[in-house]
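S.K.: The following file, work.txt, comprises compact mmCIF, C-alpha atoms and all ligand atoms:
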```
# COMPACT_ATOMS: atom_id res chain seq x y z
CA MET H 287 -10.84 0.24 2.94
CA HIS H 288 -9.94 1.41 6.41
CA MET H 289 -9.65 5.14 6.93
CA GLU H 290 -6.08 4.77 8.27
CA ASN H 291 -5.00 3.19 5.01
CA LEU H 292 -6.61 5.94 2.92
CA ASN H 293 -4.93 8.53 5.11
CA ARG H 294 -1.62 6.76 4.53
CA LEU H 295 -2.17 7.09 0.77
CA ARG H 296 -3.19 10.77 1.12
CA LEU H 297 -0.01 11.45 3.00
CA LEU H 298 2.00 9.49 0.45
CA ALA H 299 0.54 11.63 -2.37
CA CYS H 300 1.52 14.74 -0.43
CA GLU H 301 5.04 13.37 0.08
CA ILE H 302 5.29 12.60 -3.64
CA ARG H 303 4.37 16.24 -4.34
CA MET H 304 7.00 17.49 -1.89
CA GLU H 305 9.70 15.23 -3.31
CA THR H 306 8.71 16.14 -6.88
CA MET H 307 9.21 19.81 -6.07
CA LYS H 308 12.64 19.09 -4.55
CA ILE H 309 13.63 17.15 -7.66
CA ILE H 310 12.54 19.88 -10.09
CA ALA H 311 14.01 22.59 -7.86
CA SER H 312 17.42 20.88 -8.18
CA LYS H 313 17.37 21.83 -11.86
CA GLY H 314 15.46 25.09 -11.47
CA ASN H 315 12.87 24.33 -14.13
CA GLY H 316 10.72 21.49 -15.38
CA HIS H 317 7.29 19.97 -15.83
CA VAL H 318 5.70 20.97 -12.56
CA GLY H 319 2.04 20.99 -13.66
CA GLY H 320 1.78 17.56 -15.27
CA SER H 321 3.90 15.98 -12.54
CA LEU H 322 1.69 17.25 -9.73
CA SER H 323 -1.56 16.13 -11.35
CA ILE H 324 -0.49 12.44 -11.20
CA ALA H 325 0.83 12.35 -7.61
CA ASP H 326 -2.37 10.75 -6.32
CA VAL H 327 -2.55 7.94 -8.88
CA LEU H 328 1.13 7.19 -8.26
CA ALA H 329 0.42 7.02 -4.52
CA VAL H 330 -2.39 4.52 -5.10
CA LEU H 331 -0.29 2.39 -7.47
CA TYR H 332 3.01 2.31 -5.57
CA GLY H 333 1.44 2.60 -2.12
CA GLU H 334 -1.27 -0.02 -2.43
CA VAL H 335 -1.97 -1.75 -5.71
CA MET H 336 1.20 -2.78 -7.51
CA LYS H 337 3.48 -5.70 -6.74
CA TYR H 338 7.13 -4.83 -7.17
CA ASP H 339 10.47 -5.45 -5.51
CA PRO H 340 12.83 -2.49 -5.09
CA GLN H 341 15.67 -5.02 -4.64
CA ASP H 342 14.85 -6.59 -8.02
CA PRO H 343 13.44 -3.88 -10.33
CA ASN H 344 13.22 -6.24 -13.32
CA TRP H 345 11.45 -9.05 -11.43
CA LYS H 346 9.50 -10.91 -14.12
CA GLU H 347 6.29 -11.31 -12.12
CA ARG H 348 6.05 -7.61 -11.19
CA ASP H 349 3.32 -5.22 -12.20
CA TRP H 350 4.53 -2.61 -14.66
CA LEU H 351 4.01 1.13 -14.64
CA ILE H 352 4.57 2.85 -17.93
CA LEU H 353 4.53 6.62 -17.81
CA SER H 354 3.40 7.34 -21.34
CA LYS H 355 3.41 11.08 -20.54
CA GLY H 356 7.14 10.68 -19.89
CA HIS H 357 7.70 14.39 -19.25
CA ALA H 358 6.21 13.83 -15.77
CA GLY H 359 9.36 11.86 -14.89
CA PRO H 360 10.02 13.85 -11.68
CA ALA H 361 6.79 12.58 -10.10
CA LEU H 362 7.74 9.00 -10.97
CA TYR H 363 11.26 9.52 -9.54
CA ALA H 364 9.68 10.82 -6.34
CA ALA H 365 7.39 7.77 -6.06
CA LEU H 366 10.24 5.33 -6.80
CA GLY H 367 12.54 6.99 -4.27
CA ILE H 368 9.90 6.79 -1.56
CA ALA H 369 9.18 3.16 -2.54
CA GLY H 370 12.83 2.33 -1.86
CA PHE H 371 14.37 1.88 -5.32
CA TYR H 372 17.09 4.40 -4.34
CA PRO H 373 17.63 7.04 -1.65
CA LYS H 374 15.21 9.91 -2.31
CA GLU H 375 18.07 12.43 -2.45
CA ALA H 376 19.62 10.59 -5.40
CA ALA H 377 17.01 12.19 -7.65
CA TYR H 378 17.93 15.75 -6.66
CA HIS H 379 20.08 16.00 -9.80
CA LEU H 380 17.41 16.38 -12.44
CA ASN H 381 18.81 16.47 -15.96
CA GLU H 382 22.37 17.20 -14.84
CA ALA H 383 25.06 15.94 -17.20
CA GLY H 384 25.63 12.27 -16.38
CA SER H 385 22.70 12.14 -13.96
CA ASP H 386 20.55 9.02 -13.74
CA PHE H 387 17.47 11.25 -13.55
CA PRO H 388 16.78 12.81 -16.94
CA SER H 389 13.73 15.03 -17.31
CA HIS H 390 11.89 12.28 -19.21
CA ALA H 391 11.62 8.72 -17.87
CA ASP H 392 14.42 6.41 -19.03
CA HIS H 393 14.56 2.68 -18.25
CA ASN H 394 18.28 2.50 -19.01
CA ARG H 395 19.14 5.25 -16.54
CA THR H 396 16.80 5.04 -13.57
CA ARG H 397 16.26 2.05 -11.28
CA GLY H 398 12.59 1.08 -11.24
CA VAL H 399 11.56 2.87 -14.44
CA ASP H 400 9.98 0.11 -16.51
CA ILE H 401 10.03 1.68 -19.98
CA THR H 402 11.68 4.70 -21.60
CA THR H 403 9.13 7.32 -22.62
CA GLY H 404 8.89 10.96 -23.61
CA SER H 405 7.81 10.80 -27.21
CA LEU H 406 4.07 11.08 -26.64
CA GLY H 407 1.93 8.23 -27.92
CA GLN H 408 4.66 5.63 -27.73
CA GLY H 409 4.28 4.61 -24.09
CA ILE H 410 0.79 3.22 -24.51
CA SER H 411 1.96 1.24 -27.54
CA GLU H 412 4.80 -0.20 -25.48
CA ALA H 413 2.33 -0.99 -22.69
CA VAL H 414 0.17 -2.96 -25.12
CA GLY H 415 3.24 -4.90 -26.25
CA VAL H 416 4.31 -5.69 -22.69
CA ALA H 417 0.77 -6.78 -21.75
CA LEU H 418 0.57 -9.09 -24.75
CA GLY H 419 4.08 -10.44 -24.12
CA ASN H 420 3.37 -11.11 -20.44
CA ARG H 421 0.17 -12.91 -21.30
CA MET H 422 1.96 -15.07 -23.89
CA GLN H 423 4.51 -16.02 -21.24
CA GLY H 424 1.76 -16.87 -18.75
CA ILE H 425 2.90 -14.17 -16.33
CA ASP H 426 0.17 -13.25 -13.86
CA SER H 427 0.64 -9.50 -13.55
CA HIS H 428 -0.81 -6.18 -14.67
CA VAL H 429 0.52 -3.39 -16.83
CA PHE H 430 -0.54 0.11 -15.81
CA VAL H 431 -0.05 3.02 -18.18
CA ILE H 432 -0.54 6.74 -17.57
CA CYS H 433 -1.35 8.92 -20.59
CA GLY H 434 -1.98 12.63 -20.88
CA ASP H 435 -5.17 14.06 -22.36
CA GLY H 436 -3.07 16.16 -24.75
CA GLU H 437 -1.11 13.03 -25.57
CA CYS H 438 -4.35 11.49 -26.83
CA ASP H 439 -4.06 13.83 -29.84
CA GLU H 440 -1.44 11.40 -31.12
CA GLY H 441 -2.84 8.99 -33.70
CA GLN H 442 -0.56 6.27 -32.33
CA VAL H 443 -2.62 6.18 -29.11
CA TRP H 444 -5.64 5.00 -31.04
CA GLU H 445 -3.80 2.34 -32.99
CA ALA H 446 -2.58 0.96 -29.66
CA ALA H 447 -6.10 1.19 -28.22
CA GLN H 448 -7.59 -0.74 -31.11
CA PHE H 449 -4.92 -3.45 -30.92
CA ALA H 450 -5.36 -3.85 -27.14
CA ALA H 451 -9.13 -4.29 -27.42
CA HIS H 452 -8.80 -6.67 -30.36
CA ASN H 453 -6.45 -8.83 -28.27
CA HIS H 454 -8.67 -8.69 -25.16
CA LEU H 455 -5.81 -7.44 -23.01
CA ASP H 456 -7.51 -7.45 -19.62
CA ASN H 457 -4.09 -7.37 -17.94
CA LEU H 458 -3.77 -3.76 -19.19
CA ILE H 459 -5.20 -0.87 -17.16
CA GLY H 460 -4.70 2.68 -18.37
CA PHE H 461 -5.25 6.13 -16.94
CA VAL H 462 -5.81 9.36 -18.77
CA ASP H 463 -4.62 12.27 -16.66
CA SER H 464 -7.45 14.47 -17.85
CA ASN H 465 -6.24 17.80 -16.48
CA GLY H 466 -7.79 19.72 -19.36
CA ARG H 467 -4.53 21.33 -20.42
CA GLN H 468 -1.58 20.56 -22.64
CA LEU H 469 1.64 22.34 -23.61
CA ASP H 470 0.31 25.59 -25.00
CA GLY H 471 -3.30 25.87 -23.93
CA THR H 472 -6.41 24.02 -22.92
CA ILE H 473 -7.47 20.80 -24.58
CA ASP H 474 -10.55 22.52 -25.97
CA GLU H 475 -8.49 25.30 -27.54
CA VAL H 476 -5.79 23.10 -29.03
CA MET H 477 -7.69 19.96 -30.12
CA SER H 478 -10.97 19.05 -28.48
CA HIS H 479 -11.99 15.44 -27.92
CA GLY H 480 -15.51 15.46 -29.31
CA LYS H 481 -17.74 13.36 -27.10
CA GLY H 482 -14.87 12.94 -24.65
CA ILE H 483 -11.83 10.73 -24.26
CA GLY H 484 -13.84 8.16 -22.31
CA ALA H 485 -16.41 7.87 -25.10
CA LYS H 486 -13.58 7.30 -27.56
CA PHE H 487 -11.98 4.48 -25.58
CA ASP H 488 -15.45 2.98 -25.14
CA ALA H 489 -15.93 3.10 -28.92
CA PHE H 490 -12.58 1.33 -29.32
CA GLY H 491 -13.80 -1.56 -27.14
CA TRP H 492 -12.26 -0.69 -23.77
CA GLY H 493 -13.99 -0.71 -20.43
CA VAL H 494 -14.12 2.89 -19.23
CA ILE H 495 -14.35 4.18 -15.67
CA GLU H 496 -14.73 7.92 -15.07
CA VAL H 497 -13.31 9.30 -11.83
CA SER H 498 -14.87 12.66 -11.06
CA ASP H 499 -12.01 13.74 -8.77
CA GLY H 500 -8.84 12.19 -10.13
CA ASN H 501 -6.83 13.74 -7.28
CA ASP H 502 -8.80 11.79 -4.66
CA VAL H 503 -6.99 8.59 -3.65
CA GLU H 504 -10.20 6.94 -2.44
CA GLN H 505 -11.95 7.39 -5.80
CA ILE H 506 -8.85 6.29 -7.71
CA LEU H 507 -8.44 3.16 -5.60
CA GLU H 508 -12.09 2.23 -6.04
CA ALA H 509 -11.75 2.60 -9.81
CA VAL H 510 -8.60 0.49 -9.94
CA ARG H 511 -10.18 -2.24 -7.82
CA LYS H 512 -13.11 -2.32 -10.24
CA ALA H 513 -10.80 -2.37 -13.27
CA LEU H 514 -8.91 -5.35 -11.83
CA THR H 515 -12.13 -7.41 -12.00
CA VAL H 516 -12.84 -6.65 -15.68
CA LYS H 517 -12.35 -9.65 -17.92
CA GLY H 518 -11.87 -9.84 -21.69
CA LYS H 519 -10.93 -6.23 -22.39
CA PRO H 520 -8.54 -3.51 -21.26
CA THR H 521 -9.86 -0.74 -19.03
CA MET H 522 -9.18 2.98 -19.22
CA ILE H 523 -9.70 5.06 -16.09
CA ILE H 524 -10.33 8.72 -16.84
CA LEU H 525 -8.97 10.83 -14.02
CA ASN H 526 -10.40 14.33 -13.94
CA THR H 527 -7.46 16.10 -12.38
CA VAL H 528 -6.08 19.58 -11.86
CA LYS H 529 -2.80 20.52 -13.53
CA GLY H 530 -0.41 21.77 -10.86
CA LYS H 531 -2.54 20.28 -8.08
CA GLY H 532 -1.36 21.00 -4.56
CA ILE H 533 1.19 23.77 -5.13
CA ASP H 534 -0.35 27.24 -5.17
CA PHE H 535 1.46 28.94 -8.06
CA ALA H 536 1.20 25.88 -10.31
CA GLU H 537 -2.45 25.23 -9.57
CA THR H 538 -3.34 28.87 -10.24
CA SER H 539 -1.37 29.22 -13.45
CA GLY H 540 -1.91 25.69 -14.81
CA GLU H 541 1.36 26.19 -16.66
CA HIS H 542 3.05 23.30 -18.43
CA SER H 543 6.67 23.99 -17.67
CA SER H 544 7.88 26.27 -14.91
CA THR H 545 11.10 28.21 -14.46
CA LEU H 546 11.49 29.81 -11.05
CA ASN H 547 14.36 31.73 -9.50
CA LYS H 548 16.12 30.63 -6.30
CA GLN H 549 13.93 32.71 -4.03
CA GLN H 550 10.73 31.41 -5.66
CA TRP H 551 11.91 27.81 -5.35
CA ALA H 552 12.73 28.38 -1.69
CA GLU H 553 9.14 29.55 -1.18
CA VAL H 554 7.69 26.59 -3.09
CA LEU H 555 9.76 24.10 -1.06
CA GLU H 556 8.72 25.81 2.15
CA GLU H 557 5.06 25.51 1.07
CA ALA H 558 5.44 21.83 0.08
CA GLU H 559 7.18 20.94 3.35
CA ARG H 560 4.65 22.87 5.42
CA LYS H 561 1.71 21.17 3.70
CA TYR H 562 3.29 17.75 4.25
CA ALA H 563 3.98 18.46 7.93
CA GLU H 564 0.44 19.80 8.47
CA LEU H 565 -1.20 16.80 6.80
CA ARG H 566 1.00 14.40 8.73
CA GLU H 567 0.01 16.11 11.94
CA ALA H 568 -3.69 16.03 11.02
CA LEU H 569 -3.79 12.43 9.82
CA LEU H 570 -1.48 10.43 12.07
C1 LIG H 601 5.52 13.13 -30.05
C2 LIG H 601 5.69 14.32 -29.16
N1 LIG H 601 5.28 15.54 -29.60
C3 LIG H 601 5.44 16.63 -28.81
C4 LIG H 601 6.01 16.51 -27.58
C5 LIG H 601 6.22 17.76 -26.73
N2 LIG H 601 5.32 17.78 -25.58
C6 LIG H 601 5.74 17.42 -24.36
S1 LIG H 601 4.54 17.49 -23.21
C7 LIG H 601 3.40 18.03 -24.36
C8 LIG H 601 1.99 18.30 -23.96
C9 LIG H 601 1.31 17.07 -23.52
O1 LIG H 601 0.04 17.36 -22.95
P1 LIG H 601 -0.58 16.33 -21.94
O2 LIG H 601 -0.45 14.96 -22.50
O3 LIG H 601 -1.97 16.78 -21.65
O4 LIG H 601 0.36 16.44 -20.69
P2 LIG H 601 0.08 17.12 -19.26
O5 LIG H 601 -0.80 18.32 -19.48
O6 LIG H 601 -0.66 16.10 -18.46
O7 LIG H 601 1.41 17.43 -18.71
C10 LIG H 601 4.00 18.14 -25.61
C11 LIG H 601 3.29 18.58 -26.81
C12 LIG H 601 6.45 15.23 -27.17
N3 LIG H 601 7.00 15.03 -25.96
N4 LIG H 601 6.25 14.16 -27.96
```
Can I see the file as structure tokens?
Ligand SMILES: Cc1ncc(C[n+]2csc(CCOP(=O)(O)OP(=O)(O)O)c2C)c(N)n1

M.R.:
Amino acid sequence: MHMENLNRLRLLACEIRMETMKIIASKGNGHVGGSLSIADVLAVLYGEVMKYDPQDPNWKERDWLILSKGHAGPALYAALGIAGFYPKEAAYHLNEAGSDFPSHADHNRTRGVDITTGSLGQGISEAVGVALGNRMQGIDSHVFVICGDGECDEGQVWEAAQFAAHNHLDNLIGFVDSNGRQLDGTIDEVMSHGKGIGAKFDAFGWGVIEVSDGNDVEQILEAVRKALTVKGKPTMIILNTVKGKGIDFAETSGEHSSTLNKQQWAEVLEEAERKYAELREALL
């Protein structure tokens, strides 16, 4: 891929981070860490890979994105706003009463959100159902699903994985946002994954692609391109990411949910805007 296109995706990821911070700042608290770690994969999906129509969010032939780790809704709202599903500012009302932007992704509330998620483990099951349904209807599209590594503690994930492999769902491509942390500690402290999440999906019959830097758009894009050629089985892409990536306080603390005061948010927004402006200057 041409360097200019990769730079466009890098800048898009940075813009998603900036918009995500504005969205969470509108409420004052939220899932900063797990939203920031998926900004790059969202940039690759919405900026390059997926077919969708912001004028027709439920277009039957579209590719689907199911955010199984639904608590990262703000990052998805940022990506959808930039992609043109609504004005970006519309999402600056996170979790307000009556707002169309709840903290967790909700298909019935937000234009462009394909499936309601938030109860961990359920999104990947829904993704399997959509992939099977689309195949039965002869629809030529892909279903992408983003899971958390902590989420993979849920038994339901593995039932879905087994079903997907059994049904040879090669129109299903998953990501594990392997940021090494979950709500109240590291993965290894809370519930370690034995030989690794990738080894488990491999054992369940999936193709597995490990991405050593899951915050690098070039590596993510290469992995997705490879996954799109796999036939006869679903593919899981393991993204080794950093929780809180790109915003200093979040990256340092790795915290799951952040509550900042007005002054602290002002500093975070200043940092996010400065980083975006600097990258734009450097890349364009
Ligand atoms: C079934 C269920 N149990 C518990 C929760 C509460 N919860 C929300 S996020 C989270 C941690 C998830 O960790 P991970 O999947 O690694 O997310 P990330 O670190 O990427 O944000 C938990 C336990 C939930 N949303 N659903």

S.K.: For ligand LIG 601 (chain H), which residue out of H:Ser389, H:Gln468, H:Thr521, H:Asn293 is the nearest one, using all atoms listed in the file?

M.R.: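 Closest candidate: H:Gln468.
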
S.K.: Might you pull out every residue within 10 Å of H:Val327, with only C-alpha atoms counted and same-chain residues fewer than 6 positions away left off, and present them as JSON, numbers by chain?

M.R.: {"H": [295, 299, 333, 432, 461, 463, 500, 501, 502, 503, 505, 506, 507, 510, 525]}

S.K.: If the limit is 8 Å from any atom of ligand LIG 601 (chain H), counting all atoms listed in the file, which residues qualify? Return them as a PyMOL selection string.

M.R.: chain H and resi 317+319-321+323+355-358+404-408+433-438+440+463-470+473+529+542

S.K.: Show me, as a VMD selection string, the residues that have an atom within 9 Å of H:Asp392 when counting only C-alpha atoms, minus same-chain residues fewer than 5 positions from it.

M.R.: chain H and resid 356 359 386 to 387 399 to 404

S.K.: Of the candidates H:Cys300, H:Leu418, H:Tyr332, H:Asn344, which shows the shortest atom-to-atom distance to H:Glu564, using only C-alpha atoms?

M.R.: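 Distance minimum relative to H:Glu564 lands on H:Cys300.
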
S.K.: Excluding H:Val429 and residues on its chain fewer than 2 positions from it, collect all residues at most 10 Å away from it, counting all atoms listed in the file, and give them as an NGL selection string.

M.R.: :H and (336 or 348-352 or 413-418 or 420 or 427 or 431 or 455-460)

S.K.: Using all atoms listed in the file, can you tell me which of H:Gln448, H:Leu565, H:His288, H:Gly540 comes closest to H:Asp488?

M.R.: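 Closest candidate: H:Gln448.
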
S.K.: Kindly give the distance, in Å, that separates atom CA of H:Ala513 and atom CA of H:His454, rounded to a single decimal.

M.R.: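 It comes out at 13.6 Å.
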